[in-house]
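Accompanying notes for the structure given below.
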There are 4 protein chains.
Amino acid sequence: MPLFEINLSSTALGIQTALNVVLPISVDQKALSEEHTYSYGSRKFPVLYLLHGASDDYSCWMRWSSIERYANEKGIVVVMPSADLSAYTNMKHGHDYWTYISEELPAFIEATFPVSTKREDTFAAGLSMGGYGAFKLALLKPEKFAAAASLSGALDMADRVRQDRKFDNAFGDHPELDGTENDLLHLVKTSEDQLPRLFQACGTEDFLYEDNLRFKKIAEEYGLDLTYEEEFGDHNWAYWDIKIKRVLEWL
Amino acid sequence: MPLFEINLSSTALGIQTALNVVLPISVDQKALSEEHTYSYGSRKFPVLYLLHGASDDYSCWMRWSSIERYANEKGIVVVMPSADLSAYTNMKHGHDYWTYISEELPAFIEATFPVSTKREDTFAAGLSMGGYGAFKLALLKPEKFAAAASLSGALDMADRVRQDRKFDNAFGDHPELDGTENDLLHLVKTSEDQLPRLFQACGTEDFLYEDNLRFKKIAEEYGLDLTYEEEFGDHNWAYWDIKIKRVLEWL
Amino acid sequence: MPLFEINLSSTALGIQTALNVVLPISVDQKALSEEHTYSYGSRKFPVLYLLHGASDDYSCWMRWSSIERYANEKGIVVVMPSADLSAYTNMKHGHDYWTYISEELPAFIEATFPVSTKREDTFAAGLSMGGYGAFKLALLKPEKFAAAASLSGALDMADRVRQDRKFDNAFGDHPELDGTENDLLHLVKTSEDQLPRLFQACGTEDFLYEDNLRFKKIAEEYGLDLTYEEEFGDHNWAYWDIKIKRVLEWL
Amino acid sequence: MPLFEINLSSTALGIQTALNVVLPISVDQKALSEEHTYSYGSRKFPVLYLLHGASDDYSCWMRWSSIERYANEKGIVVVMPSADLSAYTNMKHGHDYWTYISEELPAFIEATFPVSTKREDTFAAGLSMGGYGAFKLALLKPEKFAAAASLSGALDMADRVRQDRKFDNAFGDHPELDGTENDLLHLVKTSEDQLPRLFQACGTEDFLYEDNLRFKKIAEEYGLDLTYEEEFGDHNWAYWDIKIKRVLEWL
């Protein structure tokens, strides 16, 4: 299961950026042993875009969880980009991370690595700000993603930005996100597409627990295919290391 | 021009190993700017396997030359593996680096990255021990490589191991390499294949200068398509950083 | 908690090698927040040398466990070197990994990073071949290490090499290790020093379980300060990711 | 000469960031060979903070020049941080890169690595936006830096931002920088301190050539200790790879 640490010039961002990618090649370990070869022929792997939270970057999932190990068991490629404090949006003051994550990055990955481009093989997940990003990918690109998972996600962003100015550069000062495409609740209510399956988990001690309950309520009201799990847990990596395994099972 | 630093489990070696790969994607920079995309379609890049010298590893070409920059200008993928003190052989006492470099690594690269598998697009180069390795690939896999380059190469290995015990684990104690497949001079004399084009450069101050003259003499005697360059220069990176640019022009 | 991925020229090995180091600096996070500074003054951190198993390298502890996270909670520096299939010995056929790991590496770490050089702050741990290495450091360098931990360790090496030829290059063909300094049981029996505290854990399903029982018996017979833990578990990273947390608690 | 690739949580930035550091340890190579040790005692190395240009990041100096090699010959530590499109300022809309680069980073480096904290051993250099940053460090922290070098520097920033909106997030929309501490010409005119020695180089084909002439004129008018070099050259890495060697000689 090779790990690729990549330095890349992004056209959408206008700067260099870094990402980690893991390939689950050792699922063919036995074949490899016999043939001394990595030629897995025309096989195309499913791919998970795995997003970090606010204050983290591309390196954190690899460093603070065992994601490579879990991905290998599942047989899935995992792509871990950096997104600054962008909330996975084209920043009001900053870089176009939405374009990078939703367009340029998949194009780069699909052109470079042996990954499937089929909807049924394409997934997103993330924690905190990255949970918001993963559901945004699912709700705005439903034709691209078959499923998405949010762990401790900042799922009610319109409310969040009223309390926390961390995302001012992403959305602008005192942004009104209600009813915009940055408001996941609004997207749930208005989408006319066949939406991806969603997985939502949040610890009961998490400061985002109430935000998660609000999203869950709307998602159920509008009949989304939502798997919801809550348990004692807080906003930390001990929880996320456990739950990301659960996400991979669920996919 | 993305850089990939890769940690890989090699079946041939039986251990984890590391390598660097650069892709010359920015040759399409203009298209990228316009399309926000890395989808270079069905394009397959030519590929250069670039080998390190004794005491170095996969990291040295990237750190001590500007190879990524030169590769980008040329539009070629460069693959830089680690090979310990193996002399690119299946070590008498150690790992099967020949199998790794000549079979498993190309299979991995071709299955993972958008590289051409055509002979006309496949090249090898290296310095010192890696120059020996590059010519070995060319002479033993002439159907795979279109050309190979040696910088300050240890090209008369049969003589070298009589003076230097550095490769004892590769070849065994007091090895007699004359007339074996580890003897490049022998390979030149006996090959019945259409051999790849060769490029050979060595500084006149290099301790391997005489070895290079001996190889050159035989290669010319046997009518190989050899480009030979010598100039004032020693066994160091200042020389190699200059000459690898020349190699890329020549390819 | 910064992560340092290091490429290093080792004099003992005669080649380039790589290692990972994590510093637990964020234990001062509050001070950092207030002072915008990393100047933790004259503070010297305790340090754990954490060794990999056969077929792994420096990268594996970081990739397949959450060691950085656990180290940060504990406030300890963790140093993760590469050692090939050396069994942490000066290889019969290969590099001097014992000199590298037991002398050059600590000298490099102590000269480069803010780590304590006191015995009471210096520890070793490892898994499988690395468990053997960690106990070897403890038993041969008792003046340097205060404690050592073995997870699923190859603790009866004299017996192991009779069944498994993996370490032939380390110890030579059909080596007789009984009664040598590569035989941990012998070291336990003959040491006249004040030995470090030892922690030994092995899953009951592990193929090295019997080896571990033999070491335990001798260690107890000779009155070592040994903490022993066994439970249902096998020779895999799911077990090691759990037990290395336990090791850090125990230190 | 070890290379350290570092992932770090920055308090000033509020996010994870990355940097490269090289140590020139092999100046002691002979001592190392004899003693198998890296214990260079109480030796403290001089240190150069080497800054990237707009659109680049921490990785570019290592990838596109041979800086590690040149630094080793000089016997100097080189620190290469990331600074986004900040112009090395506390961004109007973005992160506090000035605080990070001018305070937190030196504190981290000095607490972590064996570097001198003496003014006479502390230097800055950079290219393009990084040349601006290096001179800003010199002019605003003259008590900290003994010398600074600018290659193809954006040295007349007040004029630059009238033509190029790239730095809007750093300085705000239509910023008036004249006469502020972001205006290097103003700093030259008004500084009352003993200013560091400066080295300024720019190719005659560079789009920043005129900016450089303006800075040179003021610097000479105000009697700064300036070494100025111009020659045929453009805004590219072929030029910077040559000139950074010259900078290290000049330091």
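As shown in the structure tokens, the chain order sets the letters A, B, ...; within each chain, residues go from 1, and ligands are also counted from 1 in the order they appear.
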
*Write out as number ranges by chain the residues lying within 9 Å of Val188 of chain A, counting only C-alpha atoms and excluding same-chain residues fewer than 3 positions away.*
A: 139, 183-185, 191, 195, 215, 218-219, 222, 224

For the residues selected in the previous step, produce a file with C-alpha atoms as a PDB file, in the first residue's frame.
```pdb
ATOM      1  CA  LEU A 139     -24.859  17.950  -2.366  1.00  0.00           C
ATOM      2  CA  ASP A 183     -25.729  26.444   3.486  1.00  0.00           C
ATOM      3  CA  LEU A 184     -26.003  22.664   3.577  1.00  0.00           C
ATOM      4  CA  LEU A 185     -29.494  22.787   5.123  1.00  0.00           C
ATOM      5  CA  SER A 191     -31.907  19.725  -4.305  1.00  0.00           C
ATOM      6  CA  LEU A 195     -28.561  12.689  -3.688  1.00  0.00           C
ATOM      7  CA  PHE A 215     -28.748  18.809  10.006  1.00  0.00           C
ATOM      8  CA  ILE A 218     -33.688  18.412   8.058  1.00  0.00           C
ATOM      9  CA  ALA A 219     -32.065  15.497   6.252  1.00  0.00           C
ATOM     10  CA  TYR A 222     -36.452  15.647   3.327  1.00  0.00           C
ATOM     11  CA  LEU A 224     -32.299  11.701   2.454  1.00  0.00           C
TER      12      LEU A 224
END
```

*Would you kindly report the residues of chain C within 7 Å of chain A, using only C-alpha atoms, as a PyMOL selection string?*
chain C and resi 62-66+68-69

Store the residues of this selection in a file with N, CA, C and O atoms, as a PDB file, in the first residue's frame.
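Generated file (result-v8.pdb):
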```
ATOM      1  N   MET C  62       4.844   5.683  11.876  1.00  0.00           N
ATOM      2  CA  MET C  62       4.036   6.881  11.607  1.00  0.00           C
ATOM      3  C   MET C  62       2.822   6.556  10.753  1.00  0.00           C
ATOM      4  O   MET C  62       1.752   7.134  10.937  1.00  0.00           O
ATOM      5  N   ARG C  63       2.969   5.646   9.818  1.00  0.00           N
ATOM      6  CA  ARG C  63       1.892   5.405   8.869  1.00  0.00           C
ATOM      7  C   ARG C  63       0.801   4.488   9.432  1.00  0.00           C
ATOM      8  O   ARG C  63      -0.371   4.662   9.121  1.00  0.00           O
ATOM      9  N   TRP C  64       1.188   3.509  10.219  1.00  0.00           N
ATOM     10  CA  TRP C  64       0.234   2.459  10.579  1.00  0.00           C
ATOM     11  C   TRP C  64      -0.178   2.468  12.050  1.00  0.00           C
ATOM     12  O   TRP C  64      -0.906   1.594  12.503  1.00  0.00           O
ATOM     13  N   SER C  65       0.339   3.421  12.809  1.00  0.00           N
ATOM     14  CA  SER C  65      -0.161   3.648  14.166  1.00  0.00           C
ATOM     15  C   SER C  65      -0.375   5.155  14.325  1.00  0.00           C
ATOM     16  O   SER C  65      -0.090   5.927  13.420  1.00  0.00           O
ATOM     17  N   SER C  66      -0.877   5.559  15.494  1.00  0.00           N
ATOM     18  CA  SER C  66      -1.040   6.988  15.778  1.00  0.00           C
ATOM     19  C   SER C  66       0.020   7.456  16.765  1.00  0.00           C
ATOM     20  O   SER C  66      -0.245   8.269  17.655  1.00  0.00           O
ATOM     21  N   GLU C  68       2.461   9.560  16.808  1.00  0.00           N
ATOM     22  CA  GLU C  68       2.710  10.989  17.043  1.00  0.00           C
ATOM     23  C   GLU C  68       1.731  11.543  18.071  1.00  0.00           C
ATOM     24  O   GLU C  68       2.101  12.300  18.962  1.00  0.00           O
ATOM     25  N   ARG C  69       0.469  11.134  17.928  1.00  0.00           N
ATOM     26  CA  ARG C  69      -0.555  11.605  18.844  1.00  0.00           C
ATOM     27  C   ARG C  69      -0.296  11.113  20.275  1.00  0.00           C
ATOM     28  O   ARG C  69      -0.384  11.882  21.236  1.00  0.00           O
TER      29      ARG C  69
END
```

*To one decimal place, how far is atom CA of Arg119 of chain B from atom CA of Ala149 of chain B in Å?*
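Interatomic distance here is 15.3 Å.
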
*Write out as a PyMOL selection string all residues of segment 57-182 of chain A that backbone DSSP assigns to alpha helix (DSSP H).*
chain A and resi 60-64+67-74+97-99+105-112+129-140+157-163+168-171

*In segment 23-237 of chain D, DSSP strand (DSSP E) residues written as a ChimeraX atom specification*: /D:47-51,77-81,122-127,147-151,197-203,226-231

_Non-local contacts of segment 128-136 of chain D (7 Å; only C-alpha atoms; under 3 positions in same chain excluded) as a list in words_ = Leu51, His52, Gly53, Ala54, Ala87, Tyr88, Ala124, Ala125, Leu139, Leu140, Ala148, Ala149, Ser150, Leu151, Ser152, Gly153, Ala154, Leu155 and Leu184 of chain D

_I want to know what sits within 9 Å of Glu231 of chain C, based on only C-alpha atoms, with residues of the same chain fewer than 4 positions away left out; could you give that as an NGL selection string?_
:C and (201-205)

_What's around Met80 of chain C at 6 Å? Count only C-alpha atoms, leave out sequence neighbours fewer than 6 positions away in its own chain, and write the answer as a PyMOL selection string._
chain C and resi 19-20+50+58

Got time to write the residues from that selection, N, CA, C and O atoms, as a PDB file, in the first residue's frame?
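part.pdb, written as the output of this step:
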```pdb
ATOM      1  N   LEU C  19      14.889   8.841   8.551  1.00  0.00           N
ATOM      2  CA  LEU C  19      14.220   8.598   9.838  1.00  0.00           C
ATOM      3  C   LEU C  19      13.124   9.625  10.058  1.00  0.00           C
ATOM      4  O   LEU C  19      13.139  10.691   9.451  1.00  0.00           O
ATOM      5  N   ASN C  20      12.177   9.265  10.902  1.00  0.00           N
ATOM      6  CA  ASN C  20      11.165  10.202  11.373  1.00  0.00           C
ATOM      7  C   ASN C  20      11.416  10.528  12.838  1.00  0.00           C
ATOM      8  O   ASN C  20      11.799   9.647  13.620  1.00  0.00           O
ATOM      9  N   LEU C  50      12.281   4.155  18.748  1.00  0.00           N
ATOM     10  CA  LEU C  50      11.189   3.235  18.434  1.00  0.00           C
ATOM     11  C   LEU C  50      11.514   2.477  17.148  1.00  0.00           C
ATOM     12  O   LEU C  50      11.598   3.064  16.072  1.00  0.00           O
ATOM     13  N   TYR C  58      11.685   3.033   8.526  1.00  0.00           N
ATOM     14  CA  TYR C  58      11.438   4.188   9.393  1.00  0.00           C
ATOM     15  C   TYR C  58      10.023   4.730   9.291  1.00  0.00           C
ATOM     16  O   TYR C  58       9.537   5.393  10.209  1.00  0.00           O
TER      17      TYR C  58
END
```

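Straight-line separation from atom CA of Arg246 of chain D to atom CA of Gly233 of chain B: 20.7 Å.
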
*So what do you get for atom CA of Ala12 of chain D versus atom CA of Asp96 of chain D, distance-wise?*
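We find that atom CA of Ala12 of chain D and atom CA of Asp96 of chain D lie 6.1 Å from each other.
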
*With a distance cut-off of 10 Å and only C-alpha atoms, select the neighbouring residues of segment 156-167 of chain D, excluding the residue or stretch itself and same-chain residues fewer than 6 positions from it, and output the selection as a PyMOL selection string.*
(chain A and resi 14) or (chain D and resi 54-55+85-87+91-92+129+132+173-180+182-186+208+210-215)

_Test item: residues at most 10 Å from Tyr100 of chain D, only C-alpha atoms, excluding those fewer than 3 positions along its chain, as a list in words_ =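 Returned residues: His36 and Thr37 of chain C; Ser10, Thr11, Ala12, Leu13, Gly14, Pro81, Ser82, Ala83, Tyr88, Thr89, Asn90, His95, Asp96, Tyr97, Glu103, Glu104, Leu105, Pro106, Ala107 and Phe108 of chain D.
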